[in-house]
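Participant: Structure file protein37.cif (mmCIF, C-alpha atoms) right here:
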```
data_final
loop_
_atom_site.label_atom_id
_atom_site.label_comp_id
_atom_site.auth_asym_id
_atom_site.auth_seq_id
_atom_site.Cartn_x
_atom_site.Cartn_y
_atom_site.Cartn_z
CA MET A 1066 0.00 0.00 0.00
CA PRO A 1067 1.50 3.36 -0.98
CA GLU A 1068 2.25 5.87 1.75
CA GLU A 1069 -0.40 8.53 2.33
CA ILE A 1070 0.55 11.97 1.07
CA LEU A 1071 -1.11 14.82 2.94
CA ASP A 1072 -1.41 18.50 2.07
CA LEU A 1073 0.24 21.03 4.36
CA VAL A 1074 -1.68 24.27 4.92
CA ASN A 1075 -1.05 27.79 6.16
CA GLU A 1076 -2.98 29.56 8.95
CA GLN A 1077 -5.81 30.31 6.49
CA ASP A 1078 -6.11 26.57 5.66
CA GLU A 1079 -4.71 27.11 2.15
CA VAL A 1080 -2.50 24.39 0.67
CA ILE A 1081 1.20 25.31 0.70
CA GLY A 1082 2.77 21.92 -0.01
CA CYS A 1083 2.51 18.22 0.70
CA MET A 1084 4.45 15.58 2.59
CA PRO A 1085 4.21 11.88 3.47
CA ARG A 1086 2.08 11.23 6.56
CA ARG A 1087 4.95 9.45 8.34
CA GLU A 1088 7.22 12.46 7.94
CA ILE A 1089 4.53 14.87 9.17
CA TYR A 1090 4.18 12.87 12.40
CA GLU A 1091 7.94 12.42 12.80
CA ARG A 1092 8.40 16.20 12.57
CA GLY A 1093 5.45 16.91 14.90
CA LEU A 1094 3.74 19.18 12.37
CA LYS A 1095 0.21 20.42 13.01
CA ASN A 1096 -0.56 22.10 9.70
CA PHE A 1097 -2.35 19.21 7.99
CA ARG A 1098 -6.05 18.38 7.59
CA VAL A 1099 -8.26 15.74 9.20
CA VAL A 1100 -11.95 14.91 9.25
CA HIS A 1101 -13.88 13.65 12.24
CA GLY A 1102 -17.49 12.66 12.52
CA PHE A 1103 -20.02 11.43 15.02
CA LEU A 1104 -22.97 9.15 14.50
CA VAL A 1105 -25.74 10.67 16.60
CA ASN A 1106 -28.93 8.72 17.24
CA SER A 1107 -32.44 10.08 17.85
CA GLU A 1108 -31.76 10.03 21.62
CA GLY A 1109 -28.75 12.34 21.17
CA LYS A 1110 -26.26 9.57 21.94
CA LEU A 1111 -22.89 9.35 20.20
CA TRP A 1112 -21.60 6.10 18.70
CA ILE A 1113 -18.07 5.80 20.15
CA PRO A 1114 -15.97 2.93 18.79
CA ARG A 1115 -12.83 1.29 20.19
CA ARG A 1116 -9.88 1.04 17.80
CA THR A 1117 -8.08 -2.21 17.07
CA ALA A 1118 -4.77 -3.03 18.75
CA LYS A 1119 -2.87 -2.77 15.45
CA LYS A 1120 -3.55 0.96 15.00
CA LYS A 1121 -0.47 3.20 15.12
CA ILE A 1122 -2.36 6.04 16.79
CA ALA A 1123 -4.24 5.23 20.02
CA PRO A 1124 -4.27 1.42 19.72
CA ASN A 1125 -7.22 -0.05 21.65
CA GLY A 1126 -8.40 3.50 22.22
CA LEU A 1127 -11.75 5.22 22.01
CA ASP A 1128 -12.30 7.12 18.78
CA TYR A 1129 -14.56 9.40 16.83
CA SER A 1130 -17.31 7.51 14.97
CA VAL A 1131 -15.35 8.22 11.81
CA ALA A 1132 -11.93 9.80 11.45
CA GLY A 1133 -9.27 10.18 8.84
CA HIS A 1134 -6.64 12.26 7.16
CA VAL A 1135 -7.57 14.44 4.21
CA GLU A 1136 -5.36 13.09 1.44
CA SER A 1137 -3.50 15.42 -0.90
CA GLY A 1138 -5.87 16.95 -3.43
CA GLU A 1139 -9.02 16.00 -1.49
CA THR A 1140 -11.51 18.36 0.08
CA TYR A 1141 -12.67 17.86 3.64
CA GLU A 1142 -16.06 16.70 2.35
CA GLN A 1143 -14.56 14.21 -0.11
CA SER A 1144 -12.44 12.76 2.69
CA PHE A 1145 -15.44 12.53 5.03
CA ILE A 1146 -17.50 10.70 2.40
CA ARG A 1147 -14.62 8.28 1.65
CA GLU A 1148 -13.77 7.60 5.31
CA THR A 1149 -17.43 7.06 6.26
CA ARG A 1150 -17.80 4.47 3.52
CA GLU A 1151 -14.48 2.75 4.38
CA GLU A 1152 -14.83 2.71 8.17
CA LEU A 1153 -18.58 2.46 8.72
CA GLY A 1154 -19.96 1.03 5.49
CA ILE A 1155 -22.29 4.04 5.25
CA ASP A 1156 -23.04 5.88 2.01
CA VAL A 1157 -23.78 9.40 3.27
CA ALA A 1158 -26.07 9.94 0.27
CA THR A 1159 -28.54 7.64 2.05
CA CYS A 1160 -28.72 9.50 5.38
CA SER A 1161 -28.88 12.94 6.95
CA TRP A 1162 -25.52 14.55 7.70
CA ARG A 1163 -24.01 17.99 8.12
CA GLN A 1164 -20.79 19.80 8.89
CA VAL A 1165 -20.91 21.00 12.50
CA ALA A 1166 -17.52 22.65 13.13
CA LYS A 1167 -14.06 23.58 11.95
CA PHE A 1168 -11.17 23.82 14.40
CA THR A 1169 -7.51 24.77 13.95
CA PRO A 1170 -4.42 24.60 16.14
CA ILE A 1171 -5.26 28.17 17.18
CA ASP A 1172 -8.45 26.76 18.78
CA GLY A 1173 -6.37 24.24 20.73
CA VAL A 1174 -6.57 21.11 18.57
CA ASN A 1175 -3.61 19.33 17.01
CA PHE A 1176 -4.40 19.90 13.31
CA PHE A 1177 -6.92 21.53 10.96
CA GLU A 1178 -10.11 19.61 11.69
CA THR A 1179 -13.56 19.63 10.13
CA VAL A 1180 -16.23 17.80 12.13
CA TYR A 1181 -19.38 16.22 10.70
CA GLU A 1182 -22.47 14.71 12.24
CA ILE A 1183 -24.52 11.85 10.80
CA GLN A 1184 -28.03 11.15 12.06
CA PHE A 1185 -28.12 7.36 12.42
CA ASP A 1186 -30.06 5.06 14.73
CA GLU A 1187 -28.56 1.68 13.82
CA GLU A 1188 -25.29 -0.05 14.60
CA PRO A 1189 -23.22 0.56 11.46
CA ASN A 1190 -21.60 -2.28 9.56
CA TYR A 1191 -18.20 -1.02 10.65
CA ASN A 1192 -14.84 -2.21 9.35
CA ARG A 1193 -13.50 -4.85 11.77
CA GLU A 1194 -9.94 -3.89 10.80
CA ASP A 1195 -10.55 -0.41 12.24
CA PHE A 1196 -12.73 -1.08 15.28
CA VAL A 1197 -13.28 -3.96 17.74
CA GLY A 1198 -16.60 -2.71 19.07
CA ALA A 1199 -18.54 0.38 20.10
CA ASN A 1200 -21.15 1.80 22.45
CA TRP A 1201 -23.77 4.51 22.28
CA TYR A 1202 -23.05 7.15 24.95
CA THR A 1203 -24.60 10.44 25.92
CA PRO A 1204 -21.97 13.17 25.53
CA ALA A 1205 -21.53 13.24 29.33
CA GLU A 1206 -21.10 9.44 29.45
CA ALA A 1207 -18.54 9.61 26.62
CA LEU A 1208 -16.53 12.22 28.51
CA GLU A 1209 -16.71 10.09 31.66
CA GLN A 1210 -15.27 7.14 29.72
CA LEU A 1211 -12.42 9.37 28.52
CA LYS A 1212 -11.73 10.63 32.06
CA ILE A 1213 -11.57 7.07 33.43
CA GLY A 1214 -8.37 6.77 31.49
CA GLY A 1215 -7.05 4.45 28.91
CA PRO A 1216 -6.09 5.25 25.36
CA HIS A 1217 -8.18 7.51 23.17
CA LYS A 1218 -7.85 9.69 20.12
CA MET A 1219 -6.32 13.06 20.82
CA ASP A 1220 -8.77 15.97 20.83
CA LEU A 1221 -11.80 13.66 21.25
CA ALA A 1222 -12.75 15.16 24.63
CA PHE A 1223 -12.19 18.70 23.33
CA THR A 1224 -14.49 18.09 20.36
CA ILE A 1225 -17.28 16.48 22.42
CA GLU A 1226 -17.15 19.26 25.02
CA ARG A 1227 -17.21 22.01 22.38
CA LEU A 1228 -20.02 20.53 20.31
CA TYR A 1229 -22.28 18.58 22.65
CA LEU A 1230 -22.11 20.10 26.15
#
```
Reformat the file's structure so that it appears as C-alpha cells.
Facilitator:
Amino acid sequence: MPEEILDLVNEQDEVIGCMPRREIYERGLKNFRVVHGFLVNSEGKLWIPRRTAKKKIAPNGLDYSVAGHVESGETYEQSFIRETREELGIDVATCSWRQVAKFTPIDGVNFFETVYEIQFDEEPNYNREDFVGANWYTPAEALEQLKIGGPHKMDLAFTIERLYL
C-alpha cells in the first residue's frame, strides 16, 4: 500500500505543499487536515468505537465515529465521504448529515479539523480492521469514559465538550 501523502496548509487553511504522513508525524507538524465525525442517534447519543490493537495512533483507544486524514488533493467533504464508507460502510447519500464545526491549532486542537455529524439510529456495519466494538453514549457518558483513562484519540474530549455540552 503506498504511503499517504497529505497536504500542508497555512494559517488560512490554504495548501502550501505536501508531505508523506509518516514524515509529518515524525516532525510533529500540526498544519495538515483531518476529518472527524459522530454518528448521533435520535436520543442524542454518540456512537463511540474502540480502535483495534494494530492501529499506530491510540491502539485499543476510544475514537470518533469516523476519522481520517484528508489526502493530498481531497476536500474535507470528499475525505469525510470516503472515510465514512471505508470505516462504517455508510453511504452518506442515504442519510442525513451535516458539517458541525471547523477547528484549527489556534483553537487548541492538534491539526486543521472539520467535524461532521450523521443522524443514524442503527449499529453501522463497521470495518472490523478499524474497530473492535462500540457503544452509544450520551456526551456526558462519553466524557466520563475518557476521564476514566485508557487510550483515546487526541482531541476527542475537546471536540465532544465544544459541540455537545
Participant: Name the residues in contact with Tyr1090 (chain A) at a cut-off of 12 Å, using only C-alpha atoms, excluding same-chain residues fewer than 6 positions from it; report them as a count of residues only.
Facilitator: 10
Participant: Tell me, as a ChimeraX atom specification, which residues lie within 12 Å of Asp1072 (chain A), counting all atoms listed in the file; anything in the same chain fewer than 5 positions away does not count.
Facilitator: /A:1078-1086,1089,1094-1099,1134-1141,1176-1177
Participant: Taking into account all atoms listed in the file, which residue in the set A:Asp1156, A:Glu1108, A:Glu1194, A:Glu1226 is nearest to Lys1120 (chain A)?
Facilitator: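 Among the listed residues, A:Glu1194 lies closest to Lys1120 (chain A).
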Participant: Which residue gives the smallest distance to Val1100 (chain A) among A:Gly1133, A:Gly1215, A:Gly1198, A:Gly1173, with all atoms listed in the file counted?
Facilitator: A:Gly1133
Participant: Please identify all polymer residues within 9 Å of Thr1179 (chain A), counting all atoms listed in the file, omitting same-chain residues fewer than 6 positions from it, and present them as a list in words.
Facilitator: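 Returned residues: Arg1098, Val1099, Val1100, His1101, Gly1102, Tyr1141, Glu1142, Phe1145, Gln1164, Val1165, Ala1166, Lys1167, Phe1168 and Thr1169 of chain A.
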Participant: Restricting the calculation to only C-alpha atoms: of A:Pro1067, A:Gly1214, A:Thr1203, A:Ala1222, which residue gets closest to Leu1111 (chain A)?
Facilitator: A:Thr1203
Participant: Suppose you want the space between CA of Pro1189 (chain A) and CA of Pro1124 (chain A); what is it in Å?
Facilitator: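 Result for CA of Pro1189 (chain A) versus CA of Pro1124 (chain A): 20.7 Å, one decimal.
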Participant: How would you write as a PyMOL selection string the residues that get within 10 Å of (-30.0, 12.9, 14.8) in the file's frame, counting only C-alpha atoms?
Facilitator: chain A and resi 1104-1111+1161-1162+1182-1186
Participant: Let me know the residues the PyMOL selection byres ((chain A and resi 1217) around 10) catches in the file above, as a list in words.
Facilitator: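 Checking the PyMOL selection byres ((chain A and resi 1217) around 10) against this file, the residues are Arg1115, Arg1116, Ile1122, Ala1123, Pro1124, Asn1125, Gly1126, Leu1127, Asp1128, Tyr1129, Gln1210, Leu1211, Gly1214, Gly1215, Pro1216, Lys1218, Met1219, Asp1220, Leu1221 and Ala1222 of chain A.
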Participant: I need the residue set behind the PyMOL selection byres ((chain A and resi 1205) around 9) for this file; please write it as JSON, numbers by chain.
Facilitator: {"A": [1202, 1203, 1204, 1206, 1207, 1208, 1209, 1210, 1225, 1226, 1229, 1230]}
Participant: Take every atom of region 1114-1132 of chain A listed in the file, fit an axis-aligned box around them, add 5 Å per side, and give the centre and edge lengths in Å to one decimal as AutoDock Vina command-line options.
Facilitator:
```
--center_x -8.9 --center_y 3.4 --center_z 16.8 --size_x 26.8 --size_y 22.8 --size_z 20.8
```
Participant: May I ask which of the residues A:Glu1091, A:Thr1224, A:Gln1077, A:Pro1114 is the closest one to Val1174 (chain A), counting all atoms listed in the file?
Facilitator: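 Counting all atoms listed in the file, the residue closest to Val1174 (chain A) is A:Thr1224.
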Participant: Report the distance between CA of Glu1152 (chain A) and CA of Phe1223 (chain A) in Å, rounded to one decimal place.
Facilitator: 22.2 Å
Participant: Record the distance separating CA of Cys1160 (chain A) and CA of Ala1199 (chain A), expressed in Å with one decimal.
Facilitator: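 That distance, rounded to one decimal, is 20.1 Å.
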Participant: Pick out the closest residue to Phe1103 (chain A) from this set: A:Arg1163, A:Arg1147, A:Lys1119, A:Arg1087. Count all atoms listed in the file.
Facilitator: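 Smallest separation from Phe1103 (chain A) among the options: A:Arg1163.
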Participant: Translate the PyMOL selection byres ((chain A and resi 1190) around 9) into a concrete residue list for this structure, as an MDAnalysis selection string.
Facilitator: chainID A and resid 1152:1155 1188:1189 1191:1193
Participant: Mind writing the picked residues with C-alpha atoms as an mmCIF file, in the coordinates of the input?
Facilitator:
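To be explicit, this is the file written out as result_17.cif:
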```cif
data_model
loop_
_atom_site.group_PDB
_atom_site.id
_atom_site.type_symbol
_atom_site.label_atom_id
_atom_site.label_comp_id
_atom_site.auth_asym_id
_atom_site.auth_seq_id
_atom_site.Cartn_x
_atom_site.Cartn_y
_atom_site.Cartn_z
ATOM 1 C CA GLU A 1152 -14.830 2.710 8.170
ATOM 2 C CA LEU A 1153 -18.580 2.460 8.720
ATOM 3 C CA GLY A 1154 -19.960 1.030 5.490
ATOM 4 C CA ILE A 1155 -22.290 4.040 5.250
ATOM 5 C CA GLU A 1188 -25.290 -0.050 14.600
ATOM 6 C CA PRO A 1189 -23.220 0.560 11.460
ATOM 7 C CA TYR A 1191 -18.200 -1.020 10.650
ATOM 8 C CA ASN A 1192 -14.840 -2.210 9.350
ATOM 9 C CA ARG A 1193 -13.500 -4.850 11.770
#
```
Participant: Fix up region 1088-1110 of chain A with N, CA, C and O atoms, then write it as a CSV table (one decimal), in the coordinates of the input.
Facilitator:
```
chain,number,residue,atom,x,y,z
A,1088,GLU,N,6.3,11.3,7.7
A,1088,GLU,CA,7.2,12.5,7.9
A,1088,GLU,C,6.6,13.6,8.7
A,1088,GLU,O,7.2,14.2,9.6
A,1089,ILE,N,5.3,13.8,8.4
A,1089,ILE,CA,4.5,14.9,9.2
A,1089,ILE,C,4.5,14.5,10.7
A,1089,ILE,O,4.8,15.4,11.5
A,1090,TYR,N,4.2,13.3,11.0
A,1090,TYR,CA,4.2,12.9,12.4
A,1090,TYR,C,5.6,12.9,13.0
A,1090,TYR,O,5.7,13.2,14.2
A,1091,GLU,N,6.6,12.4,12.3
A,1091,GLU,CA,7.9,12.4,12.8
A,1091,GLU,C,8.4,13.8,13.1
A,1091,GLU,O,9.1,14.0,14.1
A,1092,ARG,N,8.0,14.8,12.4
A,1092,ARG,CA,8.4,16.2,12.6
A,1092,ARG,C,7.5,16.9,13.6
A,1092,ARG,O,7.8,18.0,14.0
A,1093,GLY,N,6.4,16.3,14.0
A,1093,GLY,CA,5.4,16.9,14.9
A,1093,GLY,C,4.7,18.1,14.3
A,1093,GLY,O,4.3,19.0,15.1
A,1094,LEU,N,4.5,18.1,13.0
A,1094,LEU,CA,3.7,19.2,12.4
A,1094,LEU,C,2.3,19.1,12.7
A,1094,LEU,O,1.7,18.1,13.0
A,1095,LYS,N,1.6,20.3,12.7
A,1095,LYS,CA,0.2,20.4,13.0
A,1095,LYS,C,-0.6,21.1,11.9
A,1095,LYS,O,-1.8,21.3,12.0
A,1096,ASN,N,0.1,21.4,10.8
A,1096,ASN,CA,-0.6,22.1,9.7
A,1096,ASN,C,-1.0,21.2,8.6
A,1096,ASN,O,-0.7,21.3,7.4
A,1097,PHE,N,-1.8,20.1,9.0
A,1097,PHE,CA,-2.4,19.2,8.0
A,1097,PHE,C,-3.8,19.1,8.3
A,1097,PHE,O,-4.3,19.5,9.4
A,1098,ARG,N,-4.6,18.4,7.5
A,1098,ARG,CA,-6.0,18.4,7.6
A,1098,ARG,C,-6.5,17.0,8.0
A,1098,ARG,O,-6.0,16.0,7.5
A,1099,VAL,N,-7.6,17.0,8.8
A,1099,VAL,CA,-8.3,15.7,9.2
A,1099,VAL,C,-9.8,16.0,9.2
A,1099,VAL,O,-10.2,17.1,9.3
A,1100,VAL,N,-10.5,14.9,9.1
A,1100,VAL,CA,-12.0,14.9,9.2
A,1100,VAL,C,-12.3,14.0,10.4
A,1100,VAL,O,-11.7,13.0,10.6
A,1101,HIS,N,-13.3,14.4,11.2
A,1101,HIS,CA,-13.9,13.6,12.2
A,1101,HIS,C,-15.4,13.7,12.1
A,1101,HIS,O,-15.9,14.7,11.6
A,1102,GLY,N,-16.0,12.7,12.6
A,1102,GLY,CA,-17.5,12.7,12.5
A,1102,GLY,C,-18.1,11.8,13.7
A,1102,GLY,O,-17.4,11.0,14.2
A,1103,PHE,N,-19.3,12.2,14.0
A,1103,PHE,CA,-20.0,11.4,15.0
A,1103,PHE,C,-21.3,10.9,14.4
A,1103,PHE,O,-22.1,11.7,13.8
A,1104,LEU,N,-21.6,9.6,14.7
A,1104,LEU,CA,-23.0,9.2,14.5
A,1104,LEU,C,-23.8,9.6,15.7
A,1104,LEU,O,-23.3,9.4,16.9
A,1105,VAL,N,-24.9,10.2,15.5
A,1105,VAL,CA,-25.7,10.7,16.6
A,1105,VAL,C,-27.1,10.1,16.4
A,1105,VAL,O,-27.7,10.2,15.3
A,1106,ASN,N,-27.6,9.3,17.4
A,1106,ASN,CA,-28.9,8.7,17.2
A,1106,ASN,C,-30.1,9.7,17.7
A,1106,ASN,O,-29.8,10.8,18.1
A,1107,SER,N,-31.3,9.2,17.5
A,1107,SER,CA,-32.4,10.1,17.8
A,1107,SER,C,-32.5,10.4,19.3
A,1107,SER,O,-33.3,11.3,19.7
A,1108,GLU,N,-31.8,9.7,20.2
A,1108,GLU,CA,-31.8,10.0,21.6
A,1108,GLU,C,-30.6,11.0,22.0
A,1108,GLU,O,-30.4,11.3,23.1
A,1109,GLY,N,-29.9,11.4,20.9
A,1109,GLY,CA,-28.8,12.3,21.2
A,1109,GLY,C,-27.5,11.7,21.6
A,1109,GLY,O,-26.5,12.3,22.1
A,1110,LYS,N,-27.5,10.3,21.5
A,1110,LYS,CA,-26.3,9.6,21.9
A,1110,LYS,C,-25.3,9.5,20.8
A,1110,LYS,O,-25.7,9.4,19.6
```
